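Raw protein_6.cif, mmCIF, C-alpha atoms:
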```cif
data_start
#
loop_
_atom_site.label_atom_id
_atom_site.label_comp_id
_atom_site.auth_asym_id
_atom_site.auth_seq_id
_atom_site.Cartn_x
_atom_site.Cartn_y
_atom_site.Cartn_z
CA MET A 1 0.00 0.00 0.00
CA GLN A 2 2.78 2.44 0.93
CA VAL A 3 4.48 1.70 -2.39
CA VAL A 4 1.38 2.79 -4.28
CA ILE A 5 1.12 6.06 -2.36
CA ILE A 6 4.82 6.82 -2.79
CA LEU A 7 4.62 6.05 -6.51
CA ALA A 8 1.54 8.23 -7.04
CA VAL A 9 3.01 11.15 -5.09
CA ALA A 10 6.41 10.93 -6.78
CA LEU A 11 5.01 10.65 -10.30
CA SER A 12 2.53 13.50 -9.89
CA LEU A 13 5.19 15.71 -8.26
CA ILE A 14 7.63 15.15 -11.13
CA LEU A 15 4.97 15.85 -13.76
CA ALA A 16 3.70 18.89 -11.86
CA VAL A 17 7.20 20.38 -11.66
CA ILE A 18 7.72 19.84 -15.40
CA LEU A 19 4.34 21.41 -16.24
CA SER A 20 4.75 24.42 -13.96
CA PHE A 21 8.21 25.05 -15.39
CA ALA A 22 6.81 24.78 -18.93
CA SER A 23 3.89 27.07 -18.16
CA SER A 24 6.24 29.80 -16.94
CA VAL A 25 8.48 29.43 -20.01
CA LEU A 26 5.61 29.22 -22.51
CA GLU A 27 3.42 31.88 -20.95
CA VAL A 28 1.10 33.79 -23.30
CA GLU A 29 -0.14 37.28 -22.53
CA GLU A 30 -3.91 37.42 -22.33
CA ASP A 31 -6.35 40.26 -21.93
CA PRO A 32 -6.50 40.76 -18.14
CA ARG A 33 -10.27 41.26 -18.36
CA LEU A 34 -10.76 37.73 -19.72
CA GLN A 35 -10.45 35.98 -16.36
CA ASP A 36 -12.76 38.52 -14.66
CA ILE A 37 -15.47 37.91 -17.26
CA ILE A 38 -15.06 34.14 -16.93
CA ASP A 39 -15.58 34.54 -13.17
CA MET A 40 -18.80 36.53 -13.76
CA LEU A 41 -20.28 33.98 -16.22
CA PRO A 42 -22.18 31.05 -14.67
CA ASN A 43 -19.36 28.60 -15.56
CA ALA A 44 -21.85 25.89 -16.45
CA ASN A 45 -19.88 25.23 -19.69
CA CYS A 46 -23.17 24.20 -21.28
CA GLY A 47 -22.37 25.49 -24.77
CA ALA A 48 -25.87 26.90 -25.23
CA CYS A 49 -24.37 30.21 -26.39
CA GLY A 50 -22.72 28.48 -29.36
CA ASN A 51 -19.19 28.99 -28.08
CA PRO A 52 -16.90 26.24 -26.78
CA GLY A 53 -17.41 26.68 -23.05
CA CYS A 54 -17.53 29.79 -20.88
CA LYS A 55 -13.97 30.74 -21.82
CA GLY A 56 -14.98 30.82 -25.48
CA MET A 57 -17.99 32.97 -24.57
CA ALA A 58 -15.75 35.41 -22.67
CA GLU A 59 -13.43 35.67 -25.68
CA ALA A 60 -16.44 36.26 -27.96
CA ILE A 61 -17.71 39.02 -25.64
CA LEU A 62 -14.31 40.71 -25.76
CA ARG A 63 -14.32 40.43 -29.58
CA GLU A 64 -17.80 42.12 -29.53
CA ASP A 65 -19.00 38.96 -31.25
CA ALA A 66 -21.65 37.73 -28.82
CA LYS A 67 -24.80 39.07 -27.19
CA LEU A 68 -24.96 38.68 -23.44
CA SER A 69 -28.45 37.16 -23.73
CA GLN A 70 -26.93 34.22 -25.62
CA CYS A 71 -25.89 32.91 -22.22
CA LYS A 72 -28.96 30.89 -21.26
CA PRO A 73 -28.09 30.05 -17.62
CA GLY A 74 -27.14 33.67 -16.92
CA ASP A 75 -29.73 35.98 -15.36
CA GLN A 76 -30.36 39.71 -15.63
CA ASP A 77 -27.98 40.45 -12.72
CA MET A 78 -25.09 38.72 -14.52
CA ARG A 79 -25.75 40.63 -17.75
CA GLU A 80 -25.85 43.96 -15.93
CA ALA A 81 -22.70 43.12 -13.98
CA ILE A 82 -20.73 42.28 -17.13
CA ALA A 83 -22.03 45.33 -19.02
CA GLU A 84 -21.13 47.58 -16.09
CA TYR A 85 -17.69 46.00 -15.75
CA LEU A 86 -16.88 46.42 -19.45
CA ALA A 87 -18.18 49.99 -19.45
CA GLU A 88 -15.77 50.84 -16.63
CA THR A 89 -12.69 48.80 -17.56
CA PRO A 90 -10.76 49.51 -20.77
CA ASN A 91 -8.19 47.14 -22.22
CA GLU A 92 -4.45 47.80 -22.01
CA SER A 93 -4.43 50.29 -24.88
CA GLY A 94 -7.32 52.18 -23.30
CA GLU A 95 -10.16 51.10 -25.59
CA PHE A 96 -13.58 50.18 -24.28
CA THR A 97 -15.47 47.09 -25.44
CA LYS A 98 -19.12 47.55 -26.39
CA THR A 99 -21.58 45.04 -25.00
CA LYS A 100 -24.75 43.85 -26.67
CA MET A 101 -27.57 42.71 -24.42
CA MET B 1 15.40 -5.14 -41.27
CA GLU B 2 13.07 -6.12 -38.43
CA TYR B 3 12.65 -2.46 -37.52
CA ILE B 4 11.52 -1.71 -41.10
CA ALA B 5 9.06 -4.59 -40.90
CA ILE B 6 7.69 -3.31 -37.57
CA ALA B 7 7.37 0.24 -38.89
CA PHE B 8 5.69 -0.86 -42.14
CA GLY B 9 3.30 -3.11 -40.25
CA ALA B 10 2.41 -0.35 -37.82
CA ILE B 11 1.89 2.33 -40.47
CA PHE B 12 -0.06 0.38 -43.09
CA VAL B 13 -1.09 -3.11 -42.03
CA ASN B 14 -2.24 -2.52 -38.45
CA ASN B 15 -3.23 1.07 -39.16
CA VAL B 16 -4.52 2.61 -35.96
CA VAL B 17 -7.61 4.25 -37.47
CA LEU B 18 -8.59 2.05 -40.37
CA ASN B 19 -7.69 -1.35 -38.97
CA GLN B 20 -7.92 -1.04 -35.17
CA PHE B 21 -10.60 1.72 -35.15
CA TYR B 22 -8.90 3.82 -32.47
CA GLY B 23 -9.15 7.60 -32.41
CA LEU B 24 -12.10 8.05 -34.75
CA CYS B 25 -13.39 11.20 -33.02
CA PRO B 26 -10.55 13.58 -34.03
CA PHE B 27 -10.23 11.62 -37.31
CA LEU B 28 -13.71 12.85 -38.30
CA GLY B 29 -13.57 16.15 -36.41
CA VAL B 30 -10.31 17.75 -37.56
CA SER B 31 -10.18 16.42 -41.12
CA THR B 32 -12.03 19.20 -42.94
CA LYS B 33 -8.85 21.19 -43.73
CA LYS B 34 -5.53 19.77 -44.88
CA SER B 35 -3.41 22.17 -42.82
CA SER B 36 -5.15 21.53 -39.51
CA ALA B 37 -5.24 17.78 -40.20
CA LEU B 38 -1.48 17.80 -40.73
CA SER B 39 -0.85 19.70 -37.51
CA MET B 40 -3.21 17.39 -35.62
CA GLY B 41 -1.28 14.44 -37.01
CA MET B 42 2.00 15.97 -35.86
CA ALA B 43 0.66 16.74 -32.37
CA VAL B 44 -0.66 13.18 -32.03
CA THR B 45 2.65 11.77 -33.32
CA PHE B 46 4.56 13.70 -30.66
CA VAL B 47 2.22 12.67 -27.86
CA ILE B 48 1.97 8.98 -28.84
CA THR B 49 5.71 8.47 -29.38
CA LEU B 50 6.95 10.19 -26.23
CA SER B 51 4.19 8.97 -23.92
CA THR B 52 4.65 5.38 -25.12
CA MET B 53 8.40 5.55 -24.50
CA ILE B 54 7.89 6.91 -20.99
CA SER B 55 5.03 4.50 -20.25
CA TYR B 56 7.22 1.60 -21.32
CA LEU B 57 10.08 2.72 -19.06
CA ILE B 58 7.75 3.26 -16.09
CA TYR B 59 5.99 -0.06 -16.64
CA HIS B 60 9.16 -2.14 -16.78
CA ASN B 61 11.33 -0.24 -14.31
CA VAL B 62 8.75 0.69 -11.66
CA LEU B 63 5.44 -1.12 -12.00
CA LEU B 64 6.86 -4.61 -12.55
CA LYS B 65 9.77 -4.17 -10.08
CA TYR B 66 7.90 -3.23 -6.92
CA THR B 67 5.40 -5.41 -5.14
CA MET B 68 2.77 -4.98 -2.48
CA THR B 69 1.51 -7.65 -0.09
CA LEU B 70 -2.07 -8.01 1.08
CA ASN B 71 -3.20 -10.08 4.06
CA THR B 72 -6.37 -11.87 3.06
CA GLU B 73 -8.29 -14.82 4.46
CA PHE B 74 -6.42 -17.02 1.97
CA GLY B 75 -3.04 -15.96 3.33
CA GLU B 76 -0.60 -13.38 2.07
CA ILE B 77 -0.90 -12.45 -1.61
CA THR B 78 1.87 -10.52 -3.35
CA TYR B 79 1.01 -8.34 -6.32
CA ASN B 80 3.20 -6.31 -8.59
CA LEU B 81 1.99 -2.81 -9.38
CA SER B 82 0.88 -3.45 -12.96
CA PHE B 83 -2.75 -2.92 -11.92
CA LEU B 84 -1.84 0.78 -11.73
CA SER B 85 -0.85 0.95 -15.40
CA THR B 86 -3.99 2.65 -16.69
CA ILE B 87 -3.94 5.53 -14.21
CA VAL B 88 -0.17 6.04 -14.54
CA PHE B 89 -0.35 6.07 -18.35
CA ILE B 90 -3.26 8.53 -18.32
CA LEU B 91 -1.26 10.81 -16.01
CA VAL B 92 1.74 10.78 -18.36
CA ILE B 93 -0.43 11.31 -21.46
CA ALA B 94 -2.38 14.19 -19.89
CA SER B 95 0.87 15.95 -18.95
CA PHE B 96 2.23 15.60 -22.47
CA VAL B 97 -0.99 16.95 -23.95
CA GLN B 98 -0.82 19.95 -21.61
CA LEU B 99 2.75 20.53 -22.74
CA VAL B 100 1.79 20.36 -26.43
CA GLU B 101 -1.16 22.69 -25.82
CA MET B 102 1.04 25.33 -24.14
CA PHE B 103 3.60 24.99 -26.92
CA ILE B 104 1.05 25.45 -29.72
CA LYS B 105 -0.68 28.33 -27.90
CA LYS B 106 2.67 30.09 -27.55
CA PHE B 107 4.01 29.61 -31.06
CA SER B 108 0.93 29.38 -33.28
CA ALA B 109 -2.25 31.08 -32.09
CA PRO B 110 -4.15 30.47 -35.41
CA LEU B 111 -3.39 26.75 -35.17
CA TYR B 112 -4.55 26.81 -31.53
CA SER B 113 -7.95 28.15 -32.54
CA ALA B 114 -8.15 25.87 -35.60
CA LEU B 115 -7.63 22.73 -33.50
CA GLY B 116 -9.97 24.10 -30.83
CA VAL B 117 -11.41 21.58 -28.42
CA TYR B 118 -9.76 18.65 -30.22
CA LEU B 119 -6.34 19.64 -28.90
CA PRO B 120 -7.03 18.98 -25.18
CA LEU B 121 -9.12 16.01 -26.32
CA ILE B 122 -5.92 14.21 -27.41
CA THR B 123 -5.85 13.20 -23.73
CA THR B 124 -8.91 11.04 -24.27
CA ASN B 125 -7.88 9.95 -27.77
CA CYS B 126 -8.06 6.19 -27.35
CA ALA B 127 -5.22 5.72 -29.85
CA VAL B 128 -2.75 7.18 -27.33
CA LEU B 129 -3.79 5.02 -24.37
CA GLY B 130 -4.34 2.09 -26.73
CA VAL B 131 -0.76 2.13 -28.01
CA ALA B 132 0.64 2.59 -24.49
CA ILE B 133 -1.32 -0.43 -23.21
CA ASP B 134 -0.72 -2.56 -26.32
CA THR B 135 3.05 -2.14 -26.07
CA THR B 136 3.26 -2.93 -22.35
CA VAL B 137 0.44 -5.05 -20.92
CA ASN B 138 -0.51 -6.73 -24.22
CA SER B 139 2.92 -6.78 -25.85
CA GLU B 140 2.70 -10.49 -26.74
CA ARG B 141 -0.32 -9.83 -28.94
CA ILE B 142 1.51 -7.11 -30.88
CA GLY B 143 4.78 -9.05 -31.03
CA VAL B 144 7.17 -6.26 -30.03
CA GLU B 145 9.69 -6.51 -27.24
CA GLY B 146 12.46 -4.26 -26.00
CA PHE B 147 12.60 -0.49 -25.78
CA TRP B 148 13.68 0.28 -29.34
CA GLN B 149 11.16 -2.03 -30.98
CA VAL B 150 8.41 -0.40 -28.90
CA THR B 151 9.62 3.06 -29.87
CA ILE B 152 9.64 2.18 -33.57
CA TYR B 153 6.19 0.62 -33.22
CA ALA B 154 4.78 3.73 -31.51
CA LEU B 155 6.37 6.00 -34.10
CA GLY B 156 4.93 3.83 -36.88
CA ILE B 157 1.44 3.80 -35.37
CA SER B 158 1.42 7.57 -34.95
CA LEU B 159 2.81 8.17 -38.44
CA GLY B 160 0.06 5.89 -39.72
CA TYR B 161 -2.45 8.12 -37.94
CA ALA B 162 -0.91 11.25 -39.47
CA VAL B 163 -0.78 9.75 -42.98
CA VAL B 164 -4.38 8.55 -42.87
CA ILE B 165 -5.84 11.77 -41.43
CA PHE B 166 -3.93 13.79 -44.07
CA ILE B 167 -5.17 11.64 -46.98
CA PHE B 168 -8.69 11.72 -45.56
CA SER B 169 -8.66 15.54 -45.24
CA ALA B 170 -7.35 15.86 -48.80
CA ILE B 171 -10.25 13.71 -50.04
CA ARG B 172 -12.75 15.72 -48.00
CA GLU B 173 -11.36 18.99 -49.39
CA GLU B 174 -11.73 17.64 -52.94
CA MET B 175 -15.28 16.53 -52.21
CA MET B 176 -16.29 20.13 -51.45
CA ALA B 177 -16.22 20.82 -55.21
CA TYR B 178 -18.80 18.15 -56.05
CA PRO B 179 -22.56 18.29 -55.58
CA ILE B 180 -23.55 15.95 -52.78
CA LYS B 181 -27.15 15.35 -51.79
CA LYS B 182 -28.06 17.37 -48.74
CA ASN B 183 -28.78 14.41 -46.50
CA TRP B 184 -25.35 12.91 -47.28
CA GLN B 185 -23.30 16.05 -46.62
CA GLY B 186 -20.82 16.19 -43.77
CA ILE B 187 -20.33 13.18 -41.52
CA PRO B 188 -22.33 10.57 -43.54
CA ILE B 189 -20.26 10.92 -46.71
CA ALA B 190 -17.11 11.15 -44.58
CA LEU B 191 -17.94 7.81 -42.96
CA ILE B 192 -18.50 6.23 -46.39
CA THR B 193 -15.12 7.61 -47.49
CA ALA B 194 -13.44 6.22 -44.37
CA PHE B 195 -15.01 2.84 -45.10
CA ILE B 196 -13.63 2.78 -48.65
CA MET B 197 -10.20 3.84 -47.33
CA ALA B 198 -10.35 1.03 -44.76
CA MET B 199 -11.00 -1.47 -47.57
CA VAL B 200 -8.03 -0.08 -49.52
CA PHE B 201 -5.76 -0.36 -46.46
CA TYR B 202 -6.99 -3.89 -45.87
CA GLY B 203 -5.11 -4.79 -49.04
CA PHE B 204 -1.80 -4.11 -47.28
CA GLY B 205 -2.52 -7.13 -45.08
CA GLY B 206 -1.32 -9.44 -47.84
CA MET B 207 2.12 -7.83 -47.99
CA VAL B 208 3.52 -8.87 -44.59
#
```

Render the structure in this file as structure tokens.
Amino acid sequence: MQVVIILAVALSLILAVILSFASSVLEVEEDPRLQDIIDMLPNANCGACGNPGCKGMAEAILREDAKLSQCKPGDQDMREAIAEYLAETPNESGEFTKTKM
Amino acid sequence: MEYIAIAFGAIFVNNVVLNQFYGLCPFLGVSTKKSSALSMGMAVTFVITLSTMISYLIYHNVLLKYTMTLNTEFGEITYNLSFLSTIVFILVIASFVQLVEMFIKKFSAPLYSALGVYLPLITTNCAVLGVAIDTTVNSERIGVEGFWQVTIYALGISLGYAVVIFIFSAIREEMMAYPIKKNWQGIPIALITAFIMAMVFYGFGGMV
């Protein structure tokens, strides 16, 4: 039994170190607003909006490519929160993203 | 000479898609454009070859070496750890897929969006786990033994995947130019095409 635990811990630690090293070397700059919008969406990943998951929906919102009402699990409060957030927060070059309800 | 025979058998005779029917989901999903099919084939080649090599080393140097003993009502039973092979292989494969995903996201953003959800889905591509298990647990059935034979076999299997998905995407691109009845468009005609390709590849069986 101990052998199994030691093996599982050792293997996952080695792989985790490799992956964390790789993620710091291969880091890609993303729009800082992306994660905030993902947090505001329901994160049901249902795909009802036509995008691949809530991350895809957040990218589509930032591209001004999606209406907020496409998100079926989201309620009125979520739509207002995202619209308010995007009206207040510009991207890094200072441009505002328009939202469609 | 035996390495050439193993590679030829893995690429054409025991082709992973058309003969063993592994990995059909990305085979149908990413084969609409030649460029993305080629990159998918390369990503799968990288993941299959490296994860099979590492799985083989872990299986023979760790899982078969160490044992655990259980006290049961029939007395003490000693196992080796090969019952852990599935979860260990999945762990290795998932890490490699994460690595490939980060790499592609960093160096080719258009490719990243073209492959879309099928890139992280290489983790659950049964071809990858299938080759890792075939070359370790079921290695007698395949007839490969030793690290280098397994490496050549894995490389051959993954090159077979890349070759077949590239040919299939080229056929599907050509088919765009022809009028196809509406109820046959898309996946139905693609499945018929895959069936005809499988019959063609069946002919390689007589060569080895």

**Message:** So that I can check the surroundings of range 29-42 of chain A, please list as a VMD selection string every protein, DNA and RNA residue that reaches within 9 Å of it, counting only C-alpha atoms and ignoring chain neighbours fewer than 3 positions away.
**Reply:** chain A and resid 45 54 to 55 57 to 59 61 to 62 71 73 to 74 78 to 79 81 to 82 85 to 86 89 to 92

Generate a file of the selected residues that holds C-alpha atoms, formatted as an mmCIF file, in the coordinates of the input.
```
data_model
loop_
_atom_site.group_PDB
_atom_site.id
_atom_site.type_symbol
_atom_site.label_atom_id
_atom_site.label_comp_id
_atom_site.auth_asym_id
_atom_site.auth_seq_id
_atom_site.Cartn_x
_atom_site.Cartn_y
_atom_site.Cartn_z
ATOM 1 C CA ASN A 45 -19.880 25.230 -19.690
ATOM 2 C CA CYS A 54 -17.530 29.790 -20.880
ATOM 3 C CA LYS A 55 -13.970 30.740 -21.820
ATOM 4 C CA MET A 57 -17.990 32.970 -24.570
ATOM 5 C CA ALA A 58 -15.750 35.410 -22.670
ATOM 6 C CA GLU A 59 -13.430 35.670 -25.680
ATOM 7 C CA ILE A 61 -17.710 39.020 -25.640
ATOM 8 C CA LEU A 62 -14.310 40.710 -25.760
ATOM 9 C CA CYS A 71 -25.890 32.910 -22.220
ATOM 10 C CA PRO A 73 -28.090 30.050 -17.620
ATOM 11 C CA GLY A 74 -27.140 33.670 -16.920
ATOM 12 C CA MET A 78 -25.090 38.720 -14.520
ATOM 13 C CA ARG A 79 -25.750 40.630 -17.750
ATOM 14 C CA ALA A 81 -22.700 43.120 -13.980
ATOM 15 C CA ILE A 82 -20.730 42.280 -17.130
ATOM 16 C CA TYR A 85 -17.690 46.000 -15.750
ATOM 17 C CA LEU A 86 -16.880 46.420 -19.450
ATOM 18 C CA THR A 89 -12.690 48.800 -17.560
ATOM 19 C CA PRO A 90 -10.760 49.510 -20.770
ATOM 20 C CA ASN A 91 -8.190 47.140 -22.220
ATOM 21 C CA GLU A 92 -4.450 47.800 -22.010
#
```

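The list of residues within 10 Å of (0.3, 5.8, -41.2), counted using all atoms listed in the file, is Ala7, Phe8, Gly9, Ala10, Ile11, Phe12, Val13, Asn14, Asn15, Val16, Val17, Leu18, Gly41, Leu155, Gly156, Ile157, Ser158, Leu159, Gly160, Tyr161, Ala162, Val163, Val164, Ile165, Phe166 and Ile167 of chain B.
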
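Going from CA of Val128 in chain B over to CA of Val62 in chain B, you cover 20.5 Å.
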
For the file shown, report as a PDB file with C-alpha atoms, in the frame of the given file the outcome of the PyMOL selection byres ((chain B) within 9 of (chain A)) at residue level.
```
ATOM      1  CA  VAL B  62       8.750   0.690 -11.660  1.00  0.00           C
ATOM      2  CA  TYR B  66       7.900  -3.230  -6.920  1.00  0.00           C
ATOM      3  CA  THR B  67       5.400  -5.410  -5.140  1.00  0.00           C
ATOM      4  CA  MET B  68       2.770  -4.980  -2.480  1.00  0.00           C
ATOM      5  CA  THR B  69       1.510  -7.650  -0.090  1.00  0.00           C
ATOM      6  CA  LEU B  70      -2.070  -8.010   1.080  1.00  0.00           C
ATOM      7  CA  LEU B  81       1.990  -2.810  -9.380  1.00  0.00           C
ATOM      8  CA  LEU B  84      -1.840   0.780 -11.730  1.00  0.00           C
ATOM      9  CA  VAL B  88      -0.170   6.040 -14.540  1.00  0.00           C
ATOM     10  CA  LEU B  91      -1.260  10.810 -16.010  1.00  0.00           C
ATOM     11  CA  VAL B  92       1.740  10.780 -18.360  1.00  0.00           C
ATOM     12  CA  SER B  95       0.870  15.950 -18.950  1.00  0.00           C
ATOM     13  CA  PHE B  96       2.230  15.600 -22.470  1.00  0.00           C
ATOM     14  CA  GLN B  98      -0.820  19.950 -21.610  1.00  0.00           C
ATOM     15  CA  LEU B  99       2.750  20.530 -22.740  1.00  0.00           C
ATOM     16  CA  MET B 102       1.040  25.330 -24.140  1.00  0.00           C
ATOM     17  CA  PHE B 103       3.600  24.990 -26.920  1.00  0.00           C
ATOM     18  CA  LYS B 105      -0.680  28.330 -27.900  1.00  0.00           C
ATOM     19  CA  LYS B 106       2.670  30.090 -27.550  1.00  0.00           C
ATOM     20  CA  PHE B 107       4.010  29.610 -31.060  1.00  0.00           C
ATOM     21  CA  GLY B 116      -9.970  24.100 -30.830  1.00  0.00           C
ATOM     22  CA  VAL B 117     -11.410  21.580 -28.420  1.00  0.00           C
TER      23      VAL B 117
END
```

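CA of Pro179 in chain B to CA of Phe201 in chain B spans 26.7 Å [interatomic distance, one decimal].
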
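If all atoms listed in the file are the atoms counted, then among B:Met176, B:Ile171, B:Cys126, B:Gly205 the closest residue to Cys25 in chain B is B:Cys126.
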
**Request:** Given the file shown, determine the residues that the PyMOL selection byres ((chain A and resi 49) around 7) selects; report them as a PyMOL selection string.
**Result:** chain A and resi 47-48+50-51+70-72

**Prompt:** Evaluating the PyMOL selection byres ((chain B and resi 135) around 9) on the displayed file yields which residues, as a PyMOL selection string?
**Reply:** chain B and resi 52+56+130-134+136-145+150+153-154

How about saving the chosen residues, C-alpha atoms kept, as a PDB file, in the frame of the given file?
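The resulting file, selection_30.pdb, is shown below:
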```
ATOM      1  CA  THR B  52       4.650   5.380 -25.120  1.00  0.00           C
ATOM      2  CA  TYR B  56       7.220   1.600 -21.320  1.00  0.00           C
ATOM      3  CA  GLY B 130      -4.340   2.090 -26.730  1.00  0.00           C
ATOM      4  CA  VAL B 131      -0.760   2.130 -28.010  1.00  0.00           C
ATOM      5  CA  ALA B 132       0.640   2.590 -24.490  1.00  0.00           C
ATOM      6  CA  ILE B 133      -1.320  -0.430 -23.210  1.00  0.00           C
ATOM      7  CA  ASP B 134      -0.720  -2.560 -26.320  1.00  0.00           C
ATOM      8  CA  THR B 136       3.260  -2.930 -22.350  1.00  0.00           C
ATOM      9  CA  VAL B 137       0.440  -5.050 -20.920  1.00  0.00           C
ATOM     10  CA  ASN B 138      -0.510  -6.730 -24.220  1.00  0.00           C
ATOM     11  CA  SER B 139       2.920  -6.780 -25.850  1.00  0.00           C
ATOM     12  CA  GLU B 140       2.700 -10.490 -26.740  1.00  0.00           C
ATOM     13  CA  ARG B 141      -0.320  -9.830 -28.940  1.00  0.00           C
ATOM     14  CA  ILE B 142       1.510  -7.110 -30.880  1.00  0.00           C
ATOM     15  CA  GLY B 143       4.780  -9.050 -31.030  1.00  0.00           C
ATOM     16  CA  VAL B 144       7.170  -6.260 -30.030  1.00  0.00           C
ATOM     17  CA  GLU B 145       9.690  -6.510 -27.240  1.00  0.00           C
ATOM     18  CA  VAL B 150       8.410  -0.400 -28.900  1.00  0.00           C
ATOM     19  CA  TYR B 153       6.190   0.620 -33.220  1.00  0.00           C
ATOM     20  CA  ALA B 154       4.780   3.730 -31.510  1.00  0.00           C
TER      21      ALA B 154
END
```

**Nearest to Thr99 in chain A by atom-to-atom distance, counting all atoms listed in the file, from A:Gln76, A:Glu64, A:Ala10, A:Ser69** = A:Glu64

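Distances from B:Tyr59, B:Gln20, B:Ser82, B:Val44 to Thr124 in chain B were compared using all atoms listed in the file, and the smallest one belongs to B:Val44.
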